[in-house]
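S.K.: So here's coords-v8.pdb (PDB, C-alpha atoms).
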MODEL        1
ATOM      1  CA  MET A   1      -1.901  11.071  -4.264  1.00  0.00           C
ATOM      2  CA  LYS A   2      -1.956   7.926  -6.441  1.00  0.00           C
ATOM      3  CA  LEU A   3      -0.749   4.494  -5.331  1.00  0.00           C
ATOM      4  CA  LEU A   4      -0.317   1.407  -7.520  1.00  0.00           C
ATOM      5  CA  ILE A   5      -0.483  -2.006  -5.811  1.00  0.00           C
ATOM      6  CA  ILE A   6       1.041  -4.851  -7.858  1.00  0.00           C
ATOM      7  CA  GLU A   7       0.241  -8.025  -5.909  1.00  0.00           C
ATOM      8  CA  ASP A   8      -1.142 -11.332  -7.199  1.00  0.00           C
ATOM      9  CA  ASP A   9      -2.713 -12.281  -3.851  1.00  0.00           C
ATOM     10  CA  ARG A  10      -6.095 -10.558  -4.178  1.00  0.00           C
ATOM     11  CA  HIS A  11      -6.875 -10.835  -0.468  1.00  0.00           C
ATOM     12  CA  LEU A  12      -3.636  -9.101   0.501  1.00  0.00           C
ATOM     13  CA  SER A  13      -4.015  -6.545  -2.300  1.00  0.00           C
ATOM     14  CA  ASN A  14      -7.504  -5.625  -1.097  1.00  0.00           C
ATOM     15  CA  THR A  15      -6.260  -5.384   2.502  1.00  0.00           C
ATOM     16  CA  ILE A  16      -3.523  -2.965   1.415  1.00  0.00           C
ATOM     17  CA  LYS A  17      -6.065  -0.982  -0.592  1.00  0.00           C
ATOM     18  CA  GLU A  18      -8.364  -0.653   2.431  1.00  0.00           C
ATOM     19  CA  THR A  19      -5.404   0.325   4.618  1.00  0.00           C
ATOM     20  CA  THR A  20      -4.218   3.093   2.300  1.00  0.00           C
ATOM     21  CA  GLN A  21      -7.427   4.416   0.760  1.00  0.00           C
ATOM     22  CA  GLU A  22      -7.729   7.311   3.221  1.00  0.00           C
ATOM     23  CA  MET A  23      -4.383   8.668   1.985  1.00  0.00           C
ATOM     24  CA  PHE A  24      -4.239   7.547  -1.635  1.00  0.00           C
ATOM     25  CA  GLU A  25      -6.272   6.998  -4.736  1.00  0.00           C
ATOM     26  CA  THR A  26      -5.395   3.332  -5.103  1.00  0.00           C
ATOM     27  CA  HIS A  27      -5.084   1.234  -8.258  1.00  0.00           C
ATOM     28  CA  GLN A  28      -4.499  -2.530  -8.408  1.00  0.00           C
ATOM     29  CA  ALA A  29      -2.754  -4.933 -10.739  1.00  0.00           C
ATOM     30  CA  PHE A  30      -2.711  -8.676 -10.107  1.00  0.00           C
ATOM     31  CA  ASP A  31       0.291  -9.751 -12.176  1.00  0.00           C
ATOM     32  CA  GLY A  32       3.600  -8.279 -13.274  1.00  0.00           C
ATOM     33  CA  GLU A  33       2.673  -7.585 -16.893  1.00  0.00           C
ATOM     34  CA  GLU A  34      -0.482  -5.674 -15.961  1.00  0.00           C
ATOM     35  CA  GLY A  35       1.388  -3.775 -13.267  1.00  0.00           C
ATOM     36  CA  LEU A  36       4.172  -2.758 -15.632  1.00  0.00           C
ATOM     37  CA  PHE A  37       1.633  -1.552 -18.200  1.00  0.00           C
ATOM     38  CA  LEU A  38      -0.232   0.593 -15.642  1.00  0.00           C
ATOM     39  CA  ALA A  39       2.994   1.989 -14.212  1.00  0.00           C
ATOM     40  CA  GLU A  40       4.196   2.990 -17.679  1.00  0.00           C
ATOM     41  CA  GLN A  41       0.859   4.513 -18.743  1.00  0.00           C
ATOM     42  CA  ASN A  42       0.081   6.538 -15.600  1.00  0.00           C
ATOM     43  CA  ILE A  43       1.771   8.796 -13.101  1.00  0.00           C
ATOM     44  CA  PHE A  44       1.853   7.356  -9.572  1.00  0.00           C
ATOM     45  CA  ASP A  45       3.287   8.782  -6.362  1.00  0.00           C
ATOM     46  CA  CYS A  46       4.333   5.337  -5.122  1.00  0.00           C
ATOM     47  CA  ILE A  47       4.206   1.664  -6.142  1.00  0.00           C
ATOM     48  CA  ILE A  48       3.884  -1.330  -3.817  1.00  0.00           C
ATOM     49  CA  LEU A  49       5.393  -4.242  -5.727  1.00  0.00           C
ATOM     50  CA  ASP A  50       5.277  -7.923  -4.753  1.00  0.00           C
ATOM     51  CA  ILE A  51       8.298  -9.984  -5.762  1.00  0.00           C
ATOM     52  CA  MET A  52       7.008 -13.541  -6.053  1.00  0.00           C
ATOM     53  CA  MET A  53       4.459 -13.433  -8.869  1.00  0.00           C
ATOM     54  CA  PRO A  54       3.827 -15.886 -11.702  1.00  0.00           C
ATOM     55  CA  GLY A  55       5.115 -14.814 -15.087  1.00  0.00           C
ATOM     56  CA  MET A  56       6.962 -11.536 -14.682  1.00  0.00           C
ATOM     57  CA  ASN A  57       8.223 -11.243 -11.099  1.00  0.00           C
ATOM     58  CA  GLY A  58       8.746  -8.063  -9.128  1.00  0.00           C
ATOM     59  CA  TYR A  59      12.465  -7.803  -9.851  1.00  0.00           C
ATOM     60  CA  GLU A  60      11.756  -7.933 -13.582  1.00  0.00           C
ATOM     61  CA  VAL A  61       8.974  -5.347 -13.346  1.00  0.00           C
ATOM     62  CA  LEU A  62      11.220  -2.977 -11.414  1.00  0.00           C
ATOM     63  CA  SER A  63      14.162  -3.465 -13.782  1.00  0.00           C
ATOM     64  CA  GLU A  64      11.926  -2.636 -16.756  1.00  0.00           C
ATOM     65  CA  LEU A  65      10.621   0.484 -15.020  1.00  0.00           C
ATOM     66  CA  ARG A  66      14.074   1.773 -14.152  1.00  0.00           C
ATOM     67  CA  ALA A  67      15.410   0.921 -17.622  1.00  0.00           C
ATOM     68  CA  GLY A  68      12.630   3.124 -18.994  1.00  0.00           C
ATOM     69  CA  GLU A  69      13.718   5.938 -16.636  1.00  0.00           C
ATOM     70  CA  ASN A  70      10.585   5.621 -14.508  1.00  0.00           C
ATOM     71  CA  SER A  71      11.659   6.976 -11.102  1.00  0.00           C
ATOM     72  CA  THR A  72       8.409   6.369  -9.167  1.00  0.00           C
ATOM     73  CA  PRO A  73       9.289   5.292  -5.579  1.00  0.00           C
ATOM     74  CA  VAL A  74       8.824   1.530  -5.108  1.00  0.00           C
ATOM     75  CA  ILE A  75       8.324  -0.524  -1.958  1.00  0.00           C
ATOM     76  CA  MET A  76       9.143  -4.192  -2.571  1.00  0.00           C
ATOM     77  CA  LEU A  77       6.749  -6.558  -0.803  1.00  0.00           C
ATOM     78  CA  THR A  78       7.770 -10.160  -0.204  1.00  0.00           C
ATOM     79  CA  ALA A  79       7.783 -13.123   2.154  1.00  0.00           C
ATOM     80  CA  LYS A  80      11.539 -13.362   1.671  1.00  0.00           C
ATOM     81  CA  ASP A  81      13.680 -11.705   4.323  1.00  0.00           C
ATOM     82  CA  GLY A  82      17.174 -12.868   3.365  1.00  0.00           C
ATOM     83  CA  ILE A  83      19.806 -10.155   2.921  1.00  0.00           C
ATOM     84  CA  SER A  84      20.574 -11.369  -0.613  1.00  0.00           C
ATOM     85  CA  ASP A  85      16.952 -10.781  -1.648  1.00  0.00           C
ATOM     86  CA  LYS A  86      17.035  -7.272  -0.239  1.00  0.00           C
ATOM     87  CA  ILE A  87      20.308  -6.523  -1.995  1.00  0.00           C
ATOM     88  CA  GLN A  88      18.848  -7.735  -5.292  1.00  0.00           C
ATOM     89  CA  GLY A  89      15.797  -5.512  -4.799  1.00  0.00           C
ATOM     90  CA  PHE A  90      17.814  -2.416  -3.966  1.00  0.00           C
ATOM     91  CA  LYS A  91      20.177  -3.038  -6.883  1.00  0.00           C
ATOM     92  CA  ALA A  92      17.153  -3.242  -9.185  1.00  0.00           C
ATOM     93  CA  GLY A  93      16.114   0.214  -7.972  1.00  0.00           C
ATOM     94  CA  ALA A  94      13.810  -0.360  -4.987  1.00  0.00           C
ATOM     95  CA  ASP A  95      13.378   2.467  -2.478  1.00  0.00           C
ATOM     96  CA  ASP A  96      12.261   0.307   0.441  1.00  0.00           C
ATOM     97  CA  TYR A  97      11.569  -3.296   1.359  1.00  0.00           C
ATOM     98  CA  LEU A  98       8.688  -4.662   3.477  1.00  0.00           C
ATOM     99  CA  VAL A  99       8.556  -8.296   4.619  1.00  0.00           C
ATOM    100  CA  LYS A 100       5.265 -10.189   5.073  1.00  0.00           C
ATOM    101  CA  PRO A 101       3.555 -10.360   7.478  1.00  0.00           C
ATOM    102  CA  PHE A 102       3.681  -6.664   8.307  1.00  0.00           C
ATOM    103  CA  HIS A 103       1.739  -4.298  10.510  1.00  0.00           C
ATOM    104  CA  ARG A 104      -0.576  -1.751   8.987  1.00  0.00           C
ATOM    105  CA  GLU A 105       1.162   1.067  10.870  1.00  0.00           C
ATOM    106  CA  GLU A 106       4.552   0.088   9.466  1.00  0.00           C
ATOM    107  CA  LEU A 107       3.237   0.161   5.901  1.00  0.00           C
ATOM    108  CA  LEU A 108       1.673   3.605   6.377  1.00  0.00           C
ATOM    109  CA  LEU A 109       4.821   5.023   7.982  1.00  0.00           C
ATOM    110  CA  ARG A 110       7.015   3.706   5.185  1.00  0.00           C
ATOM    111  CA  LEU A 111       4.671   5.141   2.556  1.00  0.00           C
ATOM    112  CA  GLU A 112       4.621   8.508   4.294  1.00  0.00           C
ATOM    113  CA  ALA A 113       8.420   8.562   4.551  1.00  0.00           C
ATOM    114  CA  ILE A 114       8.882   7.690   0.874  1.00  0.00           C
ATOM    115  CA  VAL A 115       6.349  10.260  -0.314  1.00  0.00           C
ATOM    116  CA  ARG A 116       7.941  12.928   1.880  1.00  0.00           C
ATOM    117  CA  ARG A 117      11.413  12.156   0.526  1.00  0.00           C
ATOM    118  CA  SER A 118      10.124  12.362  -3.037  1.00  0.00           C
ATOM    119  CA  GLY A 119       8.613  15.795  -2.441  1.00  0.00           C
ATOM    120  CA  GLY A 120       4.983  14.782  -2.060  1.00  0.00           C
ATOM    121  CA  GLU A 121       2.671  15.395   0.865  1.00  0.00           C
ATOM    122  CA  LEU A 122       0.030  13.108   2.314  1.00  0.00           C
ATOM    123  CA  LYS A 123      -3.275  14.790   2.941  1.00  0.00           C
ATOM    124  CA  GLU A 124      -4.502  15.268   6.483  1.00  0.00           C
ATOM    125  CA  SER A 125      -7.666  13.280   6.856  1.00  0.00           C
ATOM    126  CA  MET A 126     -10.319  14.004   9.474  1.00  0.00           C
ATOM    127  CA  LEU A 127     -13.180  11.660  10.277  1.00  0.00           C
ATOM    128  CA  THR A 128     -16.169  12.890  12.265  1.00  0.00           C
ATOM    129  CA  PHE A 129     -19.112  11.271  14.034  1.00  0.00           C
ATOM    130  CA  LYS A 130     -21.412  13.605  15.973  1.00  0.00           C
ATOM    131  CA  ASP A 131     -18.963  15.486  18.274  1.00  0.00           C
ATOM    132  CA  LEU A 132     -16.225  12.872  17.786  1.00  0.00           C
ATOM    133  CA  LYS A 133     -13.282  13.801  15.559  1.00  0.00           C
ATOM    134  CA  LEU A 134     -10.443  11.504  14.467  1.00  0.00           C
ATOM    135  CA  ASN A 135      -7.308  12.942  12.897  1.00  0.00           C
ATOM    136  CA  ILE A 136      -5.975  10.071  10.784  1.00  0.00           C
ATOM    137  CA  LYS A 137      -2.616  11.689  10.132  1.00  0.00           C
ATOM    138  CA  ASN A 138      -1.505  12.203  13.725  1.00  0.00           C
ATOM    139  CA  LYS A 139      -3.821   9.584  15.277  1.00  0.00           C
ATOM    140  CA  THR A 140      -5.537  11.864  17.771  1.00  0.00           C
ATOM    141  CA  ALA A 141      -9.175  11.760  18.852  1.00  0.00           C
ATOM    142  CA  PHE A 142     -11.421  14.403  20.426  1.00  0.00           C
ATOM    143  CA  ILE A 143     -14.997  14.528  21.588  1.00  0.00           C
ATOM    144  CA  GLY A 144     -15.891  18.168  21.665  1.00  0.00           C
ATOM    145  CA  GLU A 145     -12.717  19.825  22.939  1.00  0.00           C
ATOM    146  CA  GLU A 146     -11.649  16.944  25.175  1.00  0.00           C
ATOM    147  CA  PRO A 147      -9.028  14.440  23.978  1.00  0.00           C
ATOM    148  CA  VAL A 148      -9.913  10.743  23.971  1.00  0.00           C
ATOM    149  CA  LYS A 149      -7.074   8.451  25.021  1.00  0.00           C
ATOM    150  CA  LEU A 150      -6.849   5.524  22.601  1.00  0.00           C
ATOM    151  CA  ASN A 151      -3.963   3.135  22.060  1.00  0.00           C
ATOM    152  CA  GLY A 152      -2.904   2.245  18.509  1.00  0.00           C
ATOM    153  CA  LYS A 153      -5.248  -0.656  17.825  1.00  0.00           C
ATOM    154  CA  GLN A 154      -8.186   1.023  19.611  1.00  0.00           C
ATOM    155  CA  PHE A 155      -7.733   4.006  17.311  1.00  0.00           C
ATOM    156  CA  ASP A 156      -7.550   1.730  14.265  1.00  0.00           C
ATOM    157  CA  LEU A 157     -10.711  -0.095  15.313  1.00  0.00           C
ATOM    158  CA  LEU A 158     -12.627   3.128  15.822  1.00  0.00           C
ATOM    159  CA  GLU A 159     -11.361   4.460  12.484  1.00  0.00           C
ATOM    160  CA  TYR A 160     -12.548   1.312  10.703  1.00  0.00           C
ATOM    161  CA  LEU A 161     -15.963   1.490  12.365  1.00  0.00           C
ATOM    162  CA  LEU A 162     -16.272   5.184  11.464  1.00  0.00           C
ATOM    163  CA  ASN A 163     -15.423   4.491   7.843  1.00  0.00           C
ATOM    164  CA  ASN A 164     -18.208   1.894   7.776  1.00  0.00           C
ATOM    165  CA  LYS A 165     -20.814   3.371  10.107  1.00  0.00           C
ATOM    166  CA  ASN A 166     -24.218   1.681  10.122  1.00  0.00           C
ATOM    167  CA  ILE A 167     -22.632  -1.379   8.486  1.00  0.00           C
ATOM    168  CA  ILE A 168     -22.044  -4.616  10.401  1.00  0.00           C
ATOM    169  CA  LEU A 169     -18.365  -5.580  10.279  1.00  0.00           C
ATOM    170  CA  THR A 170     -17.604  -9.194  11.093  1.00  0.00           C
ATOM    171  CA  LYS A 171     -14.851 -10.043  13.531  1.00  0.00           C
ATOM    172  CA  GLU A 172     -12.970 -11.649  10.633  1.00  0.00           C
ATOM    173  CA  GLN A 173     -13.154  -8.450   8.556  1.00  0.00           C
ATOM    174  CA  ILE A 174     -11.919  -6.382  11.482  1.00  0.00           C
ATOM    175  CA  PHE A 175      -9.131  -8.835  12.240  1.00  0.00           C
ATOM    176  CA  ASP A 176      -7.909  -8.895   8.631  1.00  0.00           C
ATOM    177  CA  ARG A 177      -8.058  -5.103   8.371  1.00  0.00           C
ATOM    178  CA  ILE A 178      -6.249  -4.251  11.591  1.00  0.00           C
ATOM    179  CA  TRP A 179      -4.078  -7.205  12.535  1.00  0.00           C
ATOM    180  CA  GLY A 180      -3.440  -8.643   9.085  1.00  0.00           C
ATOM    181  CA  PHE A 181      -4.589 -12.009   7.836  1.00  0.00           C
ATOM    182  CA  GLU A 182      -1.109 -13.480   8.398  1.00  0.00           C
ATOM    183  CA  SER A 183      -0.983 -12.463  12.061  1.00  0.00           C
ATOM    184  CA  ASP A 184      -0.233 -15.174  14.618  1.00  0.00           C
ATOM    185  CA  THR A 185      -2.943 -14.020  17.029  1.00  0.00           C
ATOM    186  CA  SER A 186      -6.641 -15.043  16.820  1.00  0.00           C
ATOM    187  CA  THR A 187      -9.899 -13.191  16.183  1.00  0.00           C
ATOM    188  CA  THR A 188     -10.663 -13.189  19.923  1.00  0.00           C
ATOM    189  CA  VAL A 189      -8.355 -10.181  20.131  1.00  0.00           C
ATOM    190  CA  VAL A 190     -11.091  -8.201  18.347  1.00  0.00           C
ATOM    191  CA  GLU A 191     -13.465  -8.758  21.268  1.00  0.00           C
ATOM    192  CA  VAL A 192     -10.821  -7.561  23.730  1.00  0.00           C
ATOM    193  CA  TYR A 193     -10.153  -4.357  21.823  1.00  0.00           C
ATOM    194  CA  ALA A 194     -13.839  -3.683  21.208  1.00  0.00           C
ATOM    195  CA  SER A 195     -14.414  -3.941  24.970  1.00  0.00           C
ATOM    196  CA  ASN A 196     -11.467  -1.641  25.709  1.00  0.00           C
ATOM    197  CA  LEU A 197     -12.646   0.858  23.117  1.00  0.00           C
ATOM    198  CA  ARG A 198     -16.062   1.003  24.751  1.00  0.00           C
ATOM    199  CA  LYS A 199     -14.405   1.669  28.107  1.00  0.00           C
ATOM    200  CA  SER A 200     -12.433   4.566  26.587  1.00  0.00           C
ATOM    201  CA  LEU A 201     -15.641   6.068  25.174  1.00  0.00           C
ATOM    202  CA  LYS A 202     -17.852   5.407  28.196  1.00  0.00           C
ATOM    203  CA  LYS A 203     -17.014   8.640  30.052  1.00  0.00           C
ATOM    204  CA  PHE A 204     -18.338  10.548  27.032  1.00  0.00           C
ATOM    205  CA  ASN A 205     -21.456   8.347  26.741  1.00  0.00           C
ATOM    206  CA  TYR A 206     -20.330   7.263  23.273  1.00  0.00           C
ATOM    207  CA  ASP A 207     -19.878   3.585  24.127  1.00  0.00           C
ATOM    208  CA  SER A 208     -23.513   2.826  23.302  1.00  0.00           C
ATOM    209  CA  TYR A 209     -22.963   3.748  19.644  1.00  0.00           C
ATOM    210  CA  ILE A 210     -20.835   0.608  19.183  1.00  0.00           C
ATOM    211  CA  LYS A 211     -23.297  -2.245  18.848  1.00  0.00           C
ATOM    212  CA  THR A 212     -22.381  -5.908  19.224  1.00  0.00           C
ATOM    213  CA  PHE A 213     -24.068  -8.501  17.026  1.00  0.00           C
ATOM    214  CA  ARG A 214     -23.335 -11.688  18.937  1.00  0.00           C
ATOM    215  CA  GLY A 215     -21.638 -14.360  16.915  1.00  0.00           C
ATOM    216  CA  LEU A 216     -21.168 -11.926  14.028  1.00  0.00           C
ATOM    217  CA  GLY A 217     -19.402  -8.647  14.706  1.00  0.00           C
ATOM    218  CA  TYR A 218     -19.778  -4.944  15.445  1.00  0.00           C
ATOM    219  CA  MET A 219     -21.313  -1.802  14.023  1.00  0.00           C
ATOM    220  CA  LEU A 220     -21.026   1.904  14.760  1.00  0.00           C
ATOM    221  CA  SER A 221     -24.658   2.979  14.796  1.00  0.00           C
ATOM    222  CA  GLU A 222     -25.950   6.532  14.386  1.00  0.00           C
ATOM    223  CA  ASN A 223     -28.687   5.715  16.889  1.00  0.00           C
ATOM    224  CA  GLY A 224     -26.813   3.649  19.449  1.00  0.00           C
ATOM    225  CA  GLY A 225     -29.069   1.394  21.446  1.00  0.00           C
ATOM    226  CA  ALA A 226     -29.001  -2.163  22.743  1.00  0.00           C
ATOM    227  CA  ASN A 227     -26.873  -4.999  21.394  1.00  0.00           C
ATOM    228  CA  GLU A 228     -28.372  -7.653  19.140  1.00  0.00           C
TER     229      GLU A 228
ENDMDL
END
Would you mind giving the structure from this file in structure tokens?
M.R.:
Amino acid sequence: MKLLIIEDDRHLSNTIKETTQEMFETHQAFDGEEGLFLAEQNIFDCIILDIMMPGMNGYEVLSELRAGENSTPVIMLTAKDGISDKIQGFKAGADDYLVKPFHREELLLRLEAIVRRSGGELKESMLTFKDLKLNIKNKTAFIGEEPVKLNGKQFDLLEYLLNNKNIILTKEQIFDRIWGFESDTSTTVVEVYASNLRKSLKKFNYDSYIKTFRGLGYMLSENGGANE
């Protein structure tokens, strides 16, 4: 599955890419002209299209695509939430509309719904670590044959750590990845969820694999061991 992200904010574009890379082969464009060129030259399963961009804006990109009979599903991404903006987007040919700031889960659900409606199918992705298995599609976790009870953000945190095992992730990286850089909460929430995740893994003796680097962040270590 191929996803095109047309967004001039590189930080947000990279966050979306990280969020979706387990499900899609992602491509990025950082202005409307480049995005239109890529969309016309390649076949994508979905396009995430920002509206407010310098030069050619999202409405213009979408109008050009639809005028050229390009029917790739498009999610419009914008800070605007007025009904008139949504109407303009839908009239231009948008399939869905997502307002910033948004939750990672909402983006993934909207992508899955659009791909399903268009006849595609998202792959089921399984992450493993020793006897731990995470099913990314249905958000379930098992150690051996026993289910691990994780709430949404605990699951997301463990998934992020698994995808970057043996790499130190700063609290800021984790916060941006899971809560979104435009979230109203603070990075202290990362410490709370890391502690809760350890508690959920403790009965399986897997809590020691999550190492804390004080003042820096966390790492899922193959060897476990003491915190730094």
S.K.: So the first atom is CA of Leu158 in chain A and the second is CA of Gln28 in chain A; what is the distance between them in Å, to one decimal place?
M.R.: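 Separation of CA of Leu158 in chain A and CA of Gln28 in chain A: 26.2 Å.
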S.K.: In Å, rounded to a single decimal, give me how far CA of Glu33 in chain A is from CA of Gly55 in chain A.
M.R.: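 Result for CA of Gly55 in chain A versus CA of Glu33 in chain A: 7.8 Å, one decimal.
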S.K.: Give as a compact mmCIF listing (two decimals) with C-alpha atoms, in the frame of the given file every residue, naming chains and numbers as the document does, that has an atom within 12 Å of (-27.1, 8.4, 12.4), counting all atoms listed in the file.
M.R.:
# COMPACT_ATOMS: atom_id res chain seq x y z
CA THR A 128 -16.17 12.89 12.26
CA PHE A 129 -19.11 11.27 14.03
CA LYS A 130 -21.41 13.60 15.97
CA LEU A 162 -16.27 5.18 11.46
CA ASN A 164 -18.21 1.89 7.78
CA LYS A 165 -20.81 3.37 10.11
CA ASN A 166 -24.22 1.68 10.12
CA ILE A 167 -22.63 -1.38 8.49
CA TYR A 209 -22.96 3.75 19.64
CA MET A 219 -21.31 -1.80 14.02
CA LEU A 220 -21.03 1.90 14.76
CA SER A 221 -24.66 2.98 14.80
CA GLU A 222 -25.95 6.53 14.39
CA ASN A 223 -28.69 5.72 16.89
CA GLY A 224 -26.81 3.65 19.45
CA GLY A 225 -29.07 1.39 21.45
S.K.: Between CA of Arg214 in chain A and CA of Gly180 in chain A, what is the distance in Å, rounded to a tenth?
M.R.: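 Between CA of Arg214 in chain A and CA of Gly180 in chain A the gap works out to 22.4 Å.
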S.K.: Name the closest residue to Lys100 in chain A among the candidates A:Leu65, A:Val148, A:Ile51, A:Ile210; distances are taken between atoms, counting all atoms listed in the file.
M.R.: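 The shortest atom-to-atom distance to Lys100 in chain A comes from A:Ile51.
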S.K.: Is it possible to dump range 211-219 of chain A as a PDB file, in the first residue's frame, including just all heavy atoms?
M.R.:
ATOM      1  N   LYS A 211      14.312   0.129  29.767  1.00  0.00           N
ATOM      2  CA  LYS A 211      15.314   0.837  30.562  1.00  0.00           C
ATOM      3  C   LYS A 211      15.041   2.344  30.532  1.00  0.00           C
ATOM      4  O   LYS A 211      14.697   2.906  29.493  1.00  0.00           O
ATOM      5  CB  LYS A 211      16.715   0.562  30.021  1.00  0.00           C
ATOM      6  CG  LYS A 211      17.144  -0.897  30.077  1.00  0.00           C
ATOM      7  CD  LYS A 211      18.584  -1.077  29.624  1.00  0.00           C
ATOM      8  CE  LYS A 211      19.555  -0.391  30.553  1.00  0.00           C
ATOM      9  NZ  LYS A 211      20.972  -0.650  30.182  1.00  0.00           N
ATOM     10  N   THR A 212      15.222   2.963  31.697  1.00  0.00           N
ATOM     11  CA  THR A 212      15.092   4.412  31.814  1.00  0.00           C
ATOM     12  C   THR A 212      16.473   5.058  31.827  1.00  0.00           C
ATOM     13  O   THR A 212      17.352   4.628  32.573  1.00  0.00           O
ATOM     14  CB  THR A 212      14.365   4.796  33.122  1.00  0.00           C
ATOM     15  OG1 THR A 212      13.057   4.228  33.113  1.00  0.00           O
ATOM     16  CG2 THR A 212      14.247   6.314  33.248  1.00  0.00           C
ATOM     17  N   PHE A 213      16.651   6.058  30.988  1.00  0.00           N
ATOM     18  CA  PHE A 213      17.873   6.863  31.002  1.00  0.00           C
ATOM     19  C   PHE A 213      17.471   8.222  31.563  1.00  0.00           C
ATOM     20  O   PHE A 213      16.866   9.034  30.860  1.00  0.00           O
ATOM     21  CB  PHE A 213      18.465   6.977  29.597  1.00  0.00           C
ATOM     22  CG  PHE A 213      19.000   5.673  29.076  1.00  0.00           C
ATOM     23  CD1 PHE A 213      18.143   4.725  28.530  1.00  0.00           C
ATOM     24  CD2 PHE A 213      20.349   5.378  29.159  1.00  0.00           C
ATOM     25  CE1 PHE A 213      18.634   3.518  28.063  1.00  0.00           C
ATOM     26  CE2 PHE A 213      20.846   4.177  28.691  1.00  0.00           C
ATOM     27  CZ  PHE A 213      19.985   3.233  28.156  1.00  0.00           C
ATOM     28  N   ARG A 214      17.753   8.417  32.837  1.00  0.00           N
ATOM     29  CA  ARG A 214      17.243   9.580  33.564  1.00  0.00           C
ATOM     30  C   ARG A 214      17.637  10.887  32.889  1.00  0.00           C
ATOM     31  O   ARG A 214      18.778  11.102  32.520  1.00  0.00           O
ATOM     32  CB  ARG A 214      17.740   9.546  35.014  1.00  0.00           C
ATOM     33  CG  ARG A 214      17.077   8.436  35.814  1.00  0.00           C
ATOM     34  CD  ARG A 214      17.523   8.427  37.272  1.00  0.00           C
ATOM     35  NE  ARG A 214      16.817   7.388  38.019  1.00  0.00           N
ATOM     36  CZ  ARG A 214      17.192   6.109  38.061  1.00  0.00           C
ATOM     37  NH1 ARG A 214      18.268   5.724  37.408  1.00  0.00           N
ATOM     38  NH2 ARG A 214      16.494   5.227  38.761  1.00  0.00           N
ATOM     39  N   GLY A 215      16.634  11.740  32.761  1.00  0.00           N
ATOM     40  CA  GLY A 215      16.846  13.023  32.117  1.00  0.00           C
ATOM     41  C   GLY A 215      16.869  12.944  30.606  1.00  0.00           C
ATOM     42  O   GLY A 215      17.022  13.964  29.936  1.00  0.00           O
ATOM     43  N   LEU A 216      16.744  11.746  30.051  1.00  0.00           N
ATOM     44  CA  LEU A 216      16.819  11.578  28.597  1.00  0.00           C
ATOM     45  C   LEU A 216      15.589  10.873  28.036  1.00  0.00           C
ATOM     46  O   LEU A 216      14.799  11.461  27.320  1.00  0.00           O
ATOM     47  CB  LEU A 216      18.085  10.801  28.226  1.00  0.00           C
ATOM     48  CG  LEU A 216      18.347  10.631  26.725  1.00  0.00           C
ATOM     49  CD1 LEU A 216      18.423  11.992  26.038  1.00  0.00           C
ATOM     50  CD2 LEU A 216      19.645   9.854  26.501  1.00  0.00           C
ATOM     51  N   GLY A 217      15.429   9.587  28.357  1.00  0.00           N
ATOM     52  CA  GLY A 217      14.301   8.872  27.780  1.00  0.00           C
ATOM     53  C   GLY A 217      14.301   7.398  28.129  1.00  0.00           C
ATOM     54  O   GLY A 217      14.744   7.004  29.211  1.00  0.00           O
ATOM     55  N   TYR A 218      13.876   6.572  27.158  1.00  0.00           N
ATOM     56  CA  TYR A 218      13.665   5.148  27.409  1.00  0.00           C
ATOM     57  C   TYR A 218      14.190   4.317  26.238  1.00  0.00           C
ATOM     58  O   TYR A 218      14.310   4.797  25.113  1.00  0.00           O
ATOM     59  CB  TYR A 218      12.171   4.857  27.609  1.00  0.00           C
ATOM     60  CG  TYR A 218      11.564   5.627  28.748  1.00  0.00           C
ATOM     61  CD1 TYR A 218      11.008   6.889  28.528  1.00  0.00           C
ATOM     62  CD2 TYR A 218      11.556   5.119  30.037  1.00  0.00           C
ATOM     63  CE1 TYR A 218      10.453   7.623  29.565  1.00  0.00           C
ATOM     64  CE2 TYR A 218      11.003   5.834  31.082  1.00  0.00           C
ATOM     65  CZ  TYR A 218      10.459   7.079  30.843  1.00  0.00           C
ATOM     66  OH  TYR A 218       9.924   7.796  31.886  1.00  0.00           O
ATOM     67  N   MET A 219      14.442   3.046  26.537  1.00  0.00           N
ATOM     68  CA  MET A 219      14.896   2.129  25.506  1.00  0.00           C
ATOM     69  C   MET A 219      14.393   0.728  25.832  1.00  0.00           C
ATOM     70  O   MET A 219      14.411   0.304  26.994  1.00  0.00           O
ATOM     71  CB  MET A 219      16.419   2.109  25.425  1.00  0.00           C
ATOM     72  CG  MET A 219      16.979   1.127  24.392  1.00  0.00           C
ATOM     73  SD  MET A 219      18.792   1.211  24.247  1.00  0.00           S
ATOM     74  CE  MET A 219      19.300   0.412  25.771  1.00  0.00           C
TER      75      MET A 219
END
